[in-house]
$ cat query-v4.txt   # compact mmCIF, C-alpha atoms
# COMPACT_ATOMS: atom_id res chain seq x y z
CA MET J 278 171.68 93.27 67.17
CA LYS J 279 169.51 92.13 64.27
CA ALA J 280 168.81 93.90 60.98
CA LYS J 281 167.45 93.04 57.55
CA ILE J 282 169.29 93.77 54.33
CA THR J 283 166.92 95.33 51.85
CA PRO J 284 167.57 96.14 48.19
CA PHE J 285 169.10 99.33 49.57
CA ALA J 286 171.57 97.40 51.71
CA LEU J 287 173.04 94.73 49.46
CA ALA J 288 176.69 95.48 50.12
CA LEU J 289 176.11 94.29 53.68
CA LEU J 290 179.36 94.50 55.63
CA MET J 291 181.91 96.04 53.29
CA GLY J 292 182.07 99.07 55.55
CA ALA J 293 181.92 97.06 58.75
CA PHE J 294 185.67 96.83 59.12
CA ILE J 295 186.47 100.51 59.37
CA LEU J 296 183.64 102.31 61.19
CA PRO J 297 182.17 102.45 64.73
CA ALA J 298 179.53 100.10 66.07
CA CYS J 299 175.81 100.54 65.55
CA GLN J 300 176.22 103.22 62.89
CA LYS J 301 175.25 103.16 59.21
CA ASN J 302 177.24 104.29 56.24
CA LEU J 303 176.93 104.45 52.46
CA GLN J 304 179.08 101.90 50.67
CA LEU J 305 179.20 100.32 47.22
CA ASP J 306 178.50 96.74 46.32
CA ALA J 307 181.43 95.22 44.46
CA THR J 308 179.30 94.87 41.31
CA ASP J 309 176.93 97.83 41.72
CA GLU J 310 177.56 101.56 41.64
CA THR J 311 174.42 102.34 43.66
CA PRO J 312 175.04 103.59 47.23
CA VAL J 313 173.60 101.24 49.80
CA GLU J 314 172.97 101.41 53.52
CA VAL J 315 175.36 99.24 55.49
CA PRO J 316 174.90 97.81 59.01
CA VAL J 317 178.12 98.21 60.97
CA ALA J 318 179.35 95.99 63.79
CA VAL J 319 182.76 97.12 65.02
CA THR J 320 183.93 99.53 67.68
CA ASP J 321 187.42 100.56 66.54
CA THR J 322 187.77 104.05 65.07
CA SER J 323 191.50 104.03 64.42
CA THR J 324 192.70 105.83 61.32
CA ALA J 325 194.17 103.70 58.57
CA ILE J 326 197.93 104.24 58.20
CA PRO J 327 199.63 103.71 54.83
CA TYR J 328 201.31 100.33 54.63
CA PRO J 329 204.99 100.67 53.65
CA LEU J 330 205.73 99.81 50.05
CA GLN J 331 209.33 99.05 51.06
CA ALA J 332 210.52 97.79 54.42
CA SER J 333 213.32 95.89 56.15
CA HIS J 334 213.10 93.02 58.62
CA ASN J 335 216.51 93.22 60.31
CA CYS J 336 217.23 96.68 61.69
CA GLY J 337 219.70 97.92 64.25
CA GLY J 338 218.09 99.24 67.42
CA ALA J 339 214.69 97.76 66.53
CA PRO J 340 212.22 96.61 69.21
CA LYS J 341 211.89 92.97 70.16
CA TYR J 342 208.94 91.30 71.84
CA ALA J 343 209.03 88.24 74.07
CA ASP J 344 207.66 85.85 71.45
CA THR J 345 206.04 85.69 68.02
CA ILE J 346 202.71 84.86 69.71
CA LEU J 347 201.59 87.15 72.53
CA PHE J 348 198.84 86.08 74.93
CA THR J 349 196.69 88.28 77.11
CA GLN J 350 196.47 87.44 80.83
CA PRO J 351 193.83 87.76 83.54
CA SER J 352 194.11 91.28 84.91
CA ASN J 353 192.08 93.84 86.82
CA THR J 354 193.42 96.47 84.44
CA ASP J 355 194.40 96.43 80.77
CA TYR J 356 197.14 93.89 80.08
CA ILE J 357 200.07 95.66 78.38
CA VAL J 358 203.08 94.09 76.64
CA MET J 359 206.23 96.13 76.07
CA PRO J 360 209.32 95.43 73.95
CA VAL J 361 211.71 93.29 76.01
CA ASN J 362 214.83 95.10 74.85
CA ASN J 363 215.78 98.78 74.97
CA PRO J 364 215.04 99.88 71.41
CA ASP J 365 216.10 103.16 69.90
CA SER J 366 213.53 105.95 69.81
CA GLY J 367 211.02 105.71 67.00
CA ASP J 368 207.39 105.51 65.97
CA TYR J 369 205.29 102.32 65.95
CA PHE J 370 202.45 101.28 63.65
CA ALA J 371 200.49 98.05 63.10
CA TRP J 372 198.59 96.40 60.25
CA PRO J 373 195.84 95.35 59.81
CA GLU J 374 193.60 97.48 62.02
CA GLY J 375 192.73 95.90 65.35
CA MET J 376 195.97 96.12 67.33
CA VAL J 377 196.08 98.88 69.94
CA ILE J 378 199.74 99.94 70.08
CA ASP J 379 201.35 103.04 71.56
CA GLN J 380 202.91 104.98 68.71
CA HIS J 381 205.87 106.14 70.79
CA THR J 382 206.67 103.24 73.12
CA GLY J 383 205.50 100.15 71.24
CA ALA J 384 203.34 99.09 74.20
CA ILE J 385 200.61 96.72 72.97
CA ASN J 386 197.31 96.75 74.85
CA LEU J 387 196.28 93.11 74.53
CA SER J 388 193.06 93.68 76.45
CA LYS J 389 191.78 96.09 73.81
CA SER J 390 193.30 94.49 70.70
CA ASP J 391 191.65 91.91 68.44
CA GLY J 392 193.16 88.53 69.34
CA GLY J 393 193.54 85.52 67.10
CA LEU J 394 195.07 87.59 64.30
CA ARG J 395 198.44 88.04 62.63
CA TYR J 396 199.84 91.56 62.52
CA ASN J 397 202.83 93.36 61.12
CA ILE J 398 204.35 95.89 63.48
CA GLY J 399 206.18 98.70 61.75
CA TRP J 400 208.90 100.72 63.48
CA VAL J 401 210.45 103.89 62.06
CA LYS J 402 213.63 104.92 63.83
CA LYS J 403 213.72 108.55 64.90
CA GLY J 404 215.45 110.71 62.34
CA THR J 405 214.83 108.23 59.49
CA THR J 406 212.03 107.38 57.11
CA ASP J 407 212.82 103.65 56.85
CA THR J 408 210.27 101.15 58.17
CA CYS J 409 211.33 97.96 59.93
CA LEU J 410 208.68 95.21 60.02
CA GLN J 411 208.13 92.22 62.27
CA SER J 412 205.24 89.74 62.37
CA ILE J 413 203.37 89.19 65.62
CA VAL J 414 200.36 86.97 66.38
CA LEU J 415 198.00 87.93 69.17
CA GLY J 416 196.65 84.74 70.69
CA GLY J 417 192.94 84.09 70.59
CA ALA J 418 190.04 82.60 68.63
CA SER J 419 188.33 83.49 65.39
CA TYR J 420 185.95 82.03 62.84
CA ALA J 421 186.69 81.80 59.14
CA ASP J 422 184.60 84.04 56.91
CA SER J 423 182.55 81.41 55.09
CA ILE J 424 179.29 80.44 53.40
CA TYR J 425 177.59 77.37 54.88
CA VAL J 426 174.94 75.34 53.01
CA LEU J 427 172.86 73.29 55.43
CA GLU J 428 171.58 70.82 52.81
CA ASP J 429 175.25 69.93 52.17
CA ASP J 430 175.60 69.05 55.88
CA GLN J 431 177.69 72.16 56.57
CA ARG J 432 176.18 72.51 60.00
CA TYR J 433 178.90 73.83 62.30
CA ALA J 434 181.04 76.96 62.26
CA LYS J 435 184.16 76.02 64.22
CA PRO J 436 186.69 78.45 65.68
CA TYR J 437 190.39 78.36 64.90
CA TYR J 438 193.19 79.68 67.04
CA ASN J 439 196.24 81.96 67.00
CA ALA J 440 195.77 82.98 63.35
CA ASP J 441 196.34 79.38 62.25
CA PRO J 442 193.36 78.05 60.24
CA ASN J 443 194.65 74.49 60.76
CA ASN J 444 194.55 74.86 64.55
CA THR J 445 190.93 73.96 65.31
CA VAL J 446 191.21 71.38 68.09
CA MET J 447 192.38 73.36 71.10
CA CYS J 448 189.09 72.94 72.96
CA THR J 449 186.92 69.88 73.53
CA SER J 450 183.21 69.47 74.19
CA GLN J 451 183.84 66.50 76.49
CA GLY J 452 185.01 68.41 79.55
CA GLY J 453 188.39 67.86 81.20
CA PRO J 454 191.71 69.71 80.95
CA ASN J 455 191.15 70.99 77.39
CA THR J 456 187.74 72.48 78.04
CA CYS J 457 187.40 76.15 77.20
CA ALA J 458 184.52 78.50 77.98
CA TYR J 459 182.50 80.24 75.26
CA ASP J 460 179.67 82.74 75.54
CA VAL J 461 180.47 83.19 79.21
CA ASN J 462 178.06 86.13 79.50
CA ASN J 463 175.28 84.43 77.48
CA ALA J 464 175.16 87.29 74.96
CA ALA J 465 175.00 84.95 71.95
CA THR J 466 172.64 82.51 73.68
CA ASN J 467 170.28 85.36 74.52
CA GLN J 468 170.17 86.13 70.78
CA GLN J 469 169.10 82.53 70.11
CA ILE J 470 172.48 81.59 68.63
CA LYS J 471 173.18 77.94 69.40
CA ILE J 472 176.80 77.66 70.54
CA ASP J 473 178.65 74.87 72.34
CA LYS J 474 179.96 76.60 75.45
CA ASN J 475 182.93 74.23 75.76
CA ASN J 476 184.44 74.46 72.28
CA GLY J 477 182.74 77.40 70.54
CA TYR J 478 181.08 75.39 67.74
CA ILE J 479 178.09 77.33 66.39
CA ASP J 480 175.25 75.00 65.41
CA LEU J 481 174.05 76.84 62.32
CA LYS J 482 171.18 74.44 61.62
CA ASN J 483 169.56 74.91 65.00
CA THR J 484 170.37 78.61 64.91
CA ALA J 485 168.57 79.00 61.57
CA ASN J 486 165.67 76.80 62.72
CA GLY J 487 165.29 78.81 65.91
CA LEU J 488 164.52 82.49 66.38
CA ALA J 489 167.94 84.04 65.80
CA PHE J 490 166.93 85.31 62.34
CA GLY J 491 163.29 85.82 63.25
CA LEU J 492 160.21 83.61 63.29
CA VAL J 493 160.19 83.49 59.47
CA PRO J 494 163.76 84.24 58.28
CA VAL J 495 164.05 86.70 55.42
CA ASN J 496 166.94 86.87 52.95
CA GLY J 497 169.62 89.28 54.11
CA THR J 498 168.77 89.20 57.81
CA VAL J 499 171.88 90.11 59.83
CA VAL J 500 172.62 89.21 63.44
CA ASN J 501 175.60 90.89 65.11
CA THR J 502 176.83 89.40 68.36
CA THR J 503 179.94 89.44 70.52
CA ILE J 504 181.14 86.15 71.96
CA ALA J 505 182.97 86.38 75.27
CA TYR J 506 185.31 83.41 75.68
CA ARG J 507 188.14 81.97 77.75
CA LEU J 508 190.81 79.61 76.42
CA ASN J 509 192.68 76.96 78.39
CA ASP J 510 196.08 77.95 76.95
CA GLN J 511 198.84 80.46 77.74
CA SER J 512 196.17 83.12 78.21
CA MET J 513 195.26 81.43 81.49
CA MET J 514 191.50 81.65 80.86
CA ALA J 515 191.54 85.45 80.54
CA THR J 516 188.25 86.73 79.13
CA GLN J 517 188.45 87.81 75.50
CA TYR J 518 185.81 89.13 73.11
CA LEU J 519 185.08 88.20 69.50
CA PRO J 520 182.48 90.10 67.42
CA VAL J 521 180.76 87.84 64.90
CA THR J 522 178.25 88.60 62.15
CA LEU J 523 175.77 85.97 60.94
CA VAL J 524 173.70 86.47 57.79
CA TYR J 525 170.79 84.39 56.50
CA TYR J 526 169.82 83.53 52.93
CA ALA J 527 167.46 80.77 51.83
CA ARG J 528 169.71 79.73 48.94
CA LYS J 529 173.36 80.16 48.17
CA SER J 530 172.34 81.58 44.81
CA ASP J 531 170.48 84.38 46.65
CA ILE J 532 173.68 85.84 48.13
CA PRO J 533 174.69 89.13 46.45
CA PRO J 534 177.86 88.81 44.33
CA GLY J 535 179.57 91.57 46.27
CA LEU J 536 179.16 89.69 49.53
CA VAL J 537 180.38 86.45 47.96
CA SER J 538 183.47 88.27 46.67
CA LEU J 539 184.19 89.83 50.07
CA ILE J 540 183.90 86.52 51.93
CA THR J 541 185.96 84.65 49.33
CA GLN J 542 188.79 87.16 49.51
CA LYS J 543 188.84 87.20 53.29
CA LEU J 544 188.75 83.39 53.48
CA ASN J 545 191.60 83.08 50.96
CA ASN J 546 193.67 85.50 53.02
CA ILE J 547 193.02 83.46 56.16
CA LEU J 548 193.94 80.16 54.50
CA ASN J 549 197.12 81.67 53.04
CA GLU J 550 197.96 83.47 56.30
CA VAL J 551 197.97 86.81 54.50
CA LEU J 552 197.43 90.04 56.40
CA LEU J 553 194.05 91.56 55.58
CA ILE J 554 195.46 94.73 54.05
CA ASN J 555 194.15 96.59 51.00
CA LEU J 556 191.02 94.43 51.00
CA PHE J 557 188.99 96.94 49.03
CA ASN J 558 191.71 98.29 46.71
CA PRO J 559 194.63 95.96 46.00
CA HIS J 560 196.43 98.74 44.13
CA SER J 561 196.41 101.08 47.12
CA ALA J 562 199.05 101.29 49.85
CA VAL J 563 196.40 102.17 52.45
CA ALA J 564 195.43 99.58 55.04
CA SER J 565 191.73 100.25 54.63
CA SER J 566 190.18 97.21 56.26
CA ARG J 567 189.83 95.35 59.52
CA PRO J 568 189.44 91.57 59.75
CA ARG J 569 186.78 91.80 62.43
CA PRO J 570 184.05 90.75 62.51
CA PRO J 571 184.20 87.38 60.73
CA VAL J 572 181.15 86.99 58.49
CA ILE J 573 179.26 83.69 58.61
CA VAL J 574 176.58 83.28 55.95
CA VAL J 575 173.99 80.55 56.54
CA THR J 576 171.90 79.20 53.65
CA ARG J 577 169.48 76.28 53.58
CA TYR J 578 169.94 75.28 49.95
CA ASN J 579 172.35 75.72 47.05

$ encode --input "query-v4.txt" --output "structure tokens"
Amino acid sequence: MKAKITPFALALLMGAFILPACQKNLQLDATDETPVEVPVAVTDTSTAIPYPLQASHNCGGAPKYADTILFTQPSNTDYIVMPVNNPDSGDYFAWPEGMVIDQHTGAINLSKSDGGLRYNIGWVKKGTTDTCLQSIVLGGASYADSIYVLEDDQRYAKPYYNADPNNTVMCTSQGGPNTCAYDVNNAATNQQIKIDKNNGYIDLKNTANGLAFGLVPVNGTVVNTTIAYRLNDQSMMATQYLPVTLVYYARKSDIPPGLVSLITQKLNNILNEVLLINLFNPHSAVASSRPRPPVIVVTRYN
């Protein structure tokens, strides 16, 4: 999916984390009060749940999961993970948006959840109003929200794994036991995105020089894709899906300030392993954002 950001669409993706795919919505640029038209690239329509202002981490009768990192598995049906103990009755919630969890049983649908992210699972025991929190990582790949300048030799966008920005070497491009499989359905390749199918590296230079952003790229051109991938880890090469948004600008100085602010905040949260909660309003207790898709901005010059 390719679109061009016009002067009426400068805020770009600030609504892309909370609304359905292939729809448009009015949103505000971080430095402009003018409504703008926003291309949207996600499919989750879950309602944001208030994040608890106060919570506990050690609670009697609370659910426990098998590990702090949960991996999907190859399956002909949705792969579901349940608490491994027999927790008391209660309601379950998760932050940020992207985890599909049964509110009453705590069953996590890994097949339909966004992998490669860190979540907090909240549990409220029946008959109480107290929230008990635990941190869970869903295994998988992601890309850091970043701005790449080709003249500074920032050529490759490289995936990282299991919500750890320092874990970037799981897969190799040389073949052998550590080889993974990226773009297994050729969706990104068919959009002229140049991606190494063994390790997931996106060659931004060749992507920009090709036809991904059009024959003559125009500032603000957006390409939304979904990368299907398989990792040679505890997920046993189960197919997973990662939506990614690429945006083109000729110069770094051409990027709208609101987009720069959004990417900077998301990148800082990734590097500090902070949950992407309250992205748009840090004074609000509402989890109003979703980490997906990562936004990769490609520029030729500073």

$ closest_residue --input "query-v4.txt" --among "J:Gly417, J:Pro351, J:Gly487, J:Pro568" --to "J:Asn439" --atoms "all atoms listed in the file"
J:Gly417

$ closest_residue --input "query-v4.txt" --among "J:Val358, J:Val401, J:Ile472, J:Ala458" --to "J:Leu387" --atoms "only C-alpha atoms"
J:Val358

$ atom_distance --input "query-v4.txt" --atom1 "atom CA of J:Lys482" --atom2 "atom CA of J:Ile470"
10.1 Å

$ axis_aligned_box --input "query-v4.txt" --around "stretch 485-492 of chain J" --padding-each-side "8 Å" --output "JSON"
{"center_x": 164.4, "center_y": 81.3, "center_z": 64.0, "size_x": 24.4, "size_y": 25.0, "size_z": 20.8}

$ closest_residue --input "query-v4.txt" --among "J:Ser333, J:Ala434, J:Lys474, J:Ser390" --to "J:Gly452" --atoms "all atoms listed in the file"
J:Lys474

$ closest_residue --input "query-v4.txt" --among "J:Tyr356, J:Tyr420, J:Tyr578, J:Tyr396" --to "J:Glu374" --atoms "all atoms listed in the file"
J:Tyr396

$ residues_around --input "query-v4.txt" --residues "J:Asn549" --least-positions-apart "3" --cutoff "12 Å" --atoms "all atoms listed in the file" --output "MDAnalysis selection string"
chainID J and resid 395 440:443 542:546 552:553

$ closest_residue --input "query-v4.txt" --among "J:Asn462, J:Thr502, J:Thr456, J:Asn579" --to "J:Ser530" --atoms "only C-alpha atoms"
J:Asn579

$ atom_distance --input "query-v4.txt" --atom1 "atom CA of J:Asp429" --atom2 "atom CA of J:Leu481"
12.3 Å

$ atom_distance --input "query-v4.txt" --atom1 "atom CA of J:Gln331" --atom2 "atom CA of J:Pro373"
16.5 Å

$ closest_residue --input "query-v4.txt" --among "J:Thr449, J:Thr406, J:Gln517, J:Asn496" --to "J:Val461" --atoms "all atoms listed in the file"
J:Gln517

$ build_atoms --input "query-v4.txt" --residues "stretch 464-490 of chain J" --atoms "N, CA and C atoms" --output "PDB file, keeping the file's coordinate frame"
ATOM      1  N   ALA J 464     175.619  86.297  75.936  1.00  0.00           N
ATOM      2  CA  ALA J 464     175.160  87.290  74.960  1.00  0.00           C
ATOM      3  C   ALA J 464     174.656  86.618  73.690  1.00  0.00           C
ATOM      4  N   ALA J 465     175.423  85.643  73.163  1.00  0.00           N
ATOM      5  CA  ALA J 465     175.000  84.950  71.950  1.00  0.00           C
ATOM      6  C   ALA J 465     173.773  84.072  72.212  1.00  0.00           C
ATOM      7  N   THR J 466     173.776  83.369  73.331  1.00  0.00           N
ATOM      8  CA  THR J 466     172.640  82.510  73.680  1.00  0.00           C
ATOM      9  C   THR J 466     171.359  83.323  73.799  1.00  0.00           C
ATOM     10  N   ASN J 467     171.464  84.511  74.374  1.00  0.00           N
ATOM     11  CA  ASN J 467     170.280  85.360  74.520  1.00  0.00           C
ATOM     12  C   ASN J 467     169.762  85.857  73.169  1.00  0.00           C
ATOM     13  N   GLN J 468     170.600  85.790  72.137  1.00  0.00           N
ATOM     14  CA  GLN J 468     170.170  86.130  70.780  1.00  0.00           C
ATOM     15  C   GLN J 468     169.745  84.896  69.994  1.00  0.00           C
ATOM     16  N   GLN J 469     169.559  83.789  70.700  1.00  0.00           N
ATOM     17  CA  GLN J 469     169.100  82.530  70.110  1.00  0.00           C
ATOM     18  C   GLN J 469     170.143  81.895  69.191  1.00  0.00           C
ATOM     19  N   ILE J 470     171.401  82.238  69.373  1.00  0.00           N
ATOM     20  CA  ILE J 470     172.480  81.590  68.630  1.00  0.00           C
ATOM     21  C   ILE J 470     172.900  80.348  69.413  1.00  0.00           C
ATOM     22  N   LYS J 471     172.901  79.206  68.742  1.00  0.00           N
ATOM     23  CA  LYS J 471     173.180  77.940  69.400  1.00  0.00           C
ATOM     24  C   LYS J 471     174.681  77.664  69.355  1.00  0.00           C
ATOM     25  N   ILE J 472     175.353  77.783  70.479  1.00  0.00           N
ATOM     26  CA  ILE J 472     176.800  77.660  70.540  1.00  0.00           C
ATOM     27  C   ILE J 472     177.185  76.683  71.642  1.00  0.00           C
ATOM     28  N   ASP J 473     178.117  75.779  71.337  1.00  0.00           N
ATOM     29  CA  ASP J 473     178.650  74.870  72.340  1.00  0.00           C
ATOM     30  C   ASP J 473     179.566  75.669  73.267  1.00  0.00           C
ATOM     31  N   LYS J 474     179.231  75.728  74.528  1.00  0.00           N
ATOM     32  CA  LYS J 474     179.960  76.600  75.450  1.00  0.00           C
ATOM     33  C   LYS J 474     181.318  76.045  75.856  1.00  0.00           C
ATOM     34  N   ASN J 475     181.627  74.807  75.457  1.00  0.00           N
ATOM     35  CA  ASN J 475     182.930  74.230  75.760  1.00  0.00           C
ATOM     36  C   ASN J 475     183.940  74.418  74.632  1.00  0.00           C
ATOM     37  N   ASN J 476     183.478  74.391  73.392  1.00  0.00           N
ATOM     38  CA  ASN J 476     184.440  74.460  72.280  1.00  0.00           C
ATOM     39  C   ASN J 476     184.128  75.553  71.260  1.00  0.00           C
ATOM     40  N   GLY J 477     183.025  76.281  71.417  1.00  0.00           N
ATOM     41  CA  GLY J 477     182.740  77.400  70.540  1.00  0.00           C
ATOM     42  C   GLY J 477     182.087  77.044  69.224  1.00  0.00           C
ATOM     43  N   TYR J 478     181.739  75.767  68.994  1.00  0.00           N
ATOM     44  CA  TYR J 478     181.080  75.390  67.740  1.00  0.00           C
ATOM     45  C   TYR J 478     179.703  76.066  67.691  1.00  0.00           C
ATOM     46  N   ILE J 479     179.417  76.748  66.591  1.00  0.00           N
ATOM     47  CA  ILE J 479     178.090  77.330  66.390  1.00  0.00           C
ATOM     48  C   ILE J 479     177.261  76.363  65.546  1.00  0.00           C
ATOM     49  N   ASP J 480     176.155  75.908  66.102  1.00  0.00           N
ATOM     50  CA  ASP J 480     175.250  75.000  65.410  1.00  0.00           C
ATOM     51  C   ASP J 480     174.359  75.847  64.500  1.00  0.00           C
ATOM     52  N   LEU J 481     174.743  75.947  63.239  1.00  0.00           N
ATOM     53  CA  LEU J 481     174.050  76.840  62.320  1.00  0.00           C
ATOM     54  C   LEU J 481     172.655  76.314  61.965  1.00  0.00           C
ATOM     55  N   LYS J 482     172.495  75.005  61.938  1.00  0.00           N
ATOM     56  CA  LYS J 482     171.180  74.440  61.620  1.00  0.00           C
ATOM     57  C   LYS J 482     170.159  74.816  62.678  1.00  0.00           C
ATOM     58  N   ASN J 483     170.497  74.582  63.935  1.00  0.00           N
ATOM     59  CA  ASN J 483     169.560  74.910  65.000  1.00  0.00           C
ATOM     60  C   ASN J 483     169.417  76.420  65.181  1.00  0.00           C
ATOM     61  N   THR J 484     170.466  77.156  64.855  1.00  0.00           N
ATOM     62  CA  THR J 484     170.370  78.610  64.910  1.00  0.00           C
ATOM     63  C   THR J 484     169.379  79.114  63.870  1.00  0.00           C
ATOM     64  N   ALA J 485     169.476  78.592  62.640  1.00  0.00           N
ATOM     65  CA  ALA J 485     168.570  79.000  61.570  1.00  0.00           C
ATOM     66  C   ALA J 485     167.148  78.526  61.828  1.00  0.00           C
ATOM     67  N   ASN J 486     166.998  77.351  62.453  1.00  0.00           N
ATOM     68  CA  ASN J 486     165.670  76.800  62.720  1.00  0.00           C
ATOM     69  C   ASN J 486     165.026  77.422  63.954  1.00  0.00           C
ATOM     70  N   GLY J 487     165.824  78.140  64.732  1.00  0.00           N
ATOM     71  CA  GLY J 487     165.290  78.810  65.910  1.00  0.00           C
ATOM     72  C   GLY J 487     164.817  80.217  65.582  1.00  0.00           C
ATOM     73  N   LEU J 488     165.036  81.130  66.524  1.00  0.00           N
ATOM     74  CA  LEU J 488     164.520  82.490  66.380  1.00  0.00           C
ATOM     75  C   LEU J 488     165.615  83.519  66.148  1.00  0.00           C
ATOM     76  N   ALA J 489     166.841  83.079  65.935  1.00  0.00           N
ATOM     77  CA  ALA J 489     167.940  84.040  65.800  1.00  0.00           C
ATOM     78  C   ALA J 489     167.700  84.997  64.644  1.00  0.00           C
ATOM     79  N   PHE J 490     167.180  84.485  63.511  1.00  0.00           N
ATOM     80  CA  PHE J 490     166.930  85.310  62.340  1.00  0.00           C
ATOM     81  C   PHE J 490     165.461  85.718  62.213  1.00  0.00           C
TER      82      PHE J 490
END
